[in-house]
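This report concerns only the one structure given below.
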Amino acid sequence: MQAETTWQRNAGSQIVLDSIFAGLAAIWVTIAINDPRMDNTWKFVDSVCALLSFFFFAISAEGTTNAFDERDVLKFVYYLLWYNLGVILVGAAIGILVLSHFDPYFLRWVGSIFWCVSPITLRWCVWLGYAVIWLVLLWRWVHDACWLLFKNARKFQEYLDELDDKLPRHDRRSRHRFMRIVFWHRLRDEKTST
């Protein structure tokens, strides 16, 4: 019997994660539709985002199961893209609900500080601020989706080889920028020990 590779050991957890997020997306559709404070346009956009994310998570869970059965690392990575898109959409659905509930209060508060700015300009600035905050909070998933779609063939193949345990152990180290910032003093010692 062949030993399991990194991606095969993680496939079960990915399926569970997809299922949890699919349940969250399904619940979110009912929350959005039954929200009395939301405008119908916002309800529609919120429900569409949540419903699409539900389907993306379902596609990801089923595809990850098939990839595991077929021992196909490329298929596993392909369905990671669907997972990332699902997280982005469910995050957008949550952001829309928050925006629809708190926009008037935040707009009034910001308007009291910047009273000289026109209400239309102020509204656009507040919405742009929401978009920036949304992008910052979902950056990891946006970055991962873009990486999977647009990274060059060599780097993508190295990633597949890493998941399939074809790279030597020392080549597999990958530290995200935020991790390097937070743990700069710990990672400095790691560099000297290797």
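Ordering of the structure tokens sets the chain letters (A, B, ...), residue numbers begin anew at 1 in every chain, and ligands are numbered from 1 in the order given.
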Would you write out, as a tab-separated table, a table of all residues in segment 58-105 of chain A that have an atom no more than 12 Å from an atom of segment 24-36 of chain A, listing for each the closest atom pair and the distance in Å to one decimal, considering only C-alpha atoms and ordering rows by chain and rising residue number?
```
residue	atom	partner	partner_atom	distance
A:Ala58	CA	A:Ala25	CA	10.5
A:Gly86	CA	A:Ala25	CA	8.8
A:Val87	CA	A:Ala25	CA	9.3
A:Ile88	CA	A:Ala25	CA	11.3
A:Leu89	CA	A:Ala25	CA	9.1
A:Val90	CA	A:Ala25	CA	6.2
A:Gly91	CA	A:Ala25	CA	9.6
A:Ala92	CA	A:Ala25	CA	11.0
A:Ala93	CA	A:Trp28	CA	7.8
A:Ile94	CA	A:Trp28	CA	8.0
A:Gly95	CA	A:Ala32	CA	11.5
A:Ile96	CA	A:Ala32	CA	9.4
A:Leu97	CA	A:Ala32	CA	7.3
A:Val98	CA	A:Ala32	CA	10.8
A:Ser100	CA	A:Asp35	CA	10.2
A:His101	CA	A:Asp35	CA	9.9
```
Within 8 Å of segment 2-19 of chain A: each segment 71-139 of chain A residue with its shortest pair, only C-alpha atoms, as a Markdown table:
```
| residue | atom | partner | partner_atom | distance |
| --- | --- | --- | --- | --- |
| A:Arg71 | CA | A:Gln8 | CA | 7.6 |
| A:Val73 | CA | A:Trp7 | CA | 7.1 |
| A:Phe76 | CA | A:Trp7 | CA | 7.7 |
| A:Tyr83 | CA | A:Asp18 | CA | 6.9 |
```
For those residues, write C-alpha atoms to a file as a short mmCIF file (atom, residue, chain, number, x, y, z; two decimals), in the first residue's frame.
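Once everything was written out, this is selection_29.cif:
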```cif
data_model
loop_
_atom_site.label_atom_id
_atom_site.label_comp_id
_atom_site.auth_asym_id
_atom_site.auth_seq_id
_atom_site.Cartn_x
_atom_site.Cartn_y
_atom_site.Cartn_z
CA ARG A 71 -5.06 10.18 -6.18
CA VAL A 73 -3.11 16.20 -6.86
CA PHE A 76 -7.29 18.53 -5.56
CA TYR A 83 -13.18 26.66 -2.03
#
```
Segment 13-84 of chain A near segment 150-157 of chain A within 12 Å: what's each residue's closest atom pair and its distance in Å to one decimal, counting only C-alpha atoms, ordered by chain then ascending residue number, as a Markdown table?
```
| residue | atom | partner | partner_atom | distance |
| --- | --- | --- | --- | --- |
| A:Val73 | CA | A:Gln157 | CA | 10.6 |
| A:Leu74 | CA | A:Gln157 | CA | 9.3 |
| A:Val77 | CA | A:Phe156 | CA | 9.9 |
| A:Tyr78 | CA | A:Phe156 | CA | 11.4 |
| A:Leu81 | CA | A:Phe150 | CA | 11.6 |
```
Those selected residues, please, written with N, CA and C atoms and delivered as an mmCIF file, in the first residue's frame.
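Result saved to selection05.cif:
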```cif
data_model
loop_
_atom_site.group_PDB
_atom_site.id
_atom_site.type_symbol
_atom_site.label_atom_id
_atom_site.label_comp_id
_atom_site.auth_asym_id
_atom_site.auth_seq_id
_atom_site.Cartn_x
_atom_site.Cartn_y
_atom_site.Cartn_z
ATOM 1 N N VAL A 73 -3.448 14.976 -7.569
ATOM 2 C CA VAL A 73 -3.111 16.203 -6.857
ATOM 3 C C VAL A 73 -3.569 17.434 -7.628
ATOM 4 N N LEU A 74 -3.500 17.404 -8.955
ATOM 5 C CA LEU A 74 -3.935 18.549 -9.758
ATOM 6 C C LEU A 74 -5.427 18.798 -9.572
ATOM 7 N N VAL A 77 -6.003 20.497 -6.206
ATOM 8 C CA VAL A 77 -5.686 21.928 -6.243
ATOM 9 C C VAL A 77 -6.748 22.688 -7.022
ATOM 10 N N TYR A 78 -7.276 22.097 -8.089
ATOM 11 C CA TYR A 78 -8.352 22.731 -8.859
ATOM 12 C C TYR A 78 -9.560 23.009 -7.964
ATOM 13 N N LEU A 81 -9.461 26.028 -5.626
ATOM 14 C CA LEU A 81 -9.903 27.298 -6.221
ATOM 15 C C LEU A 81 -11.376 27.532 -5.935
#
```
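In this comparison, which uses only C-alpha atoms, the residue of A:Leu99, A:Val132, A:Ala50, A:Leu107 approaching Ile120 of chain A most closely is A:Leu107.
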As a ChimeraX atom specification, please: all residues of segment 3-186 of chain A that backbone DSSP puts in alpha helix (DSSP H). /A:6-33,40-70,73-113,119-137,139-150,153-163,177-182,184-186
For Ser60 of chain A, which residue among A:Trp109, A:Trp82, A:Phe21, A:Trp139 is the nearest when counting only C-alpha atoms? A:Trp82
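One distance worth recording is that between atom CA of Leu160 of chain A and atom CA of Leu138 of chain A, which is 23.9 Å.
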Contacts of segment 111-114 of chain A within 10 Å, only C-alpha atoms, excl. fewer than 5 positions in-chain, as a ChimeraX atom specification: /A:105-106,119,122-123,126
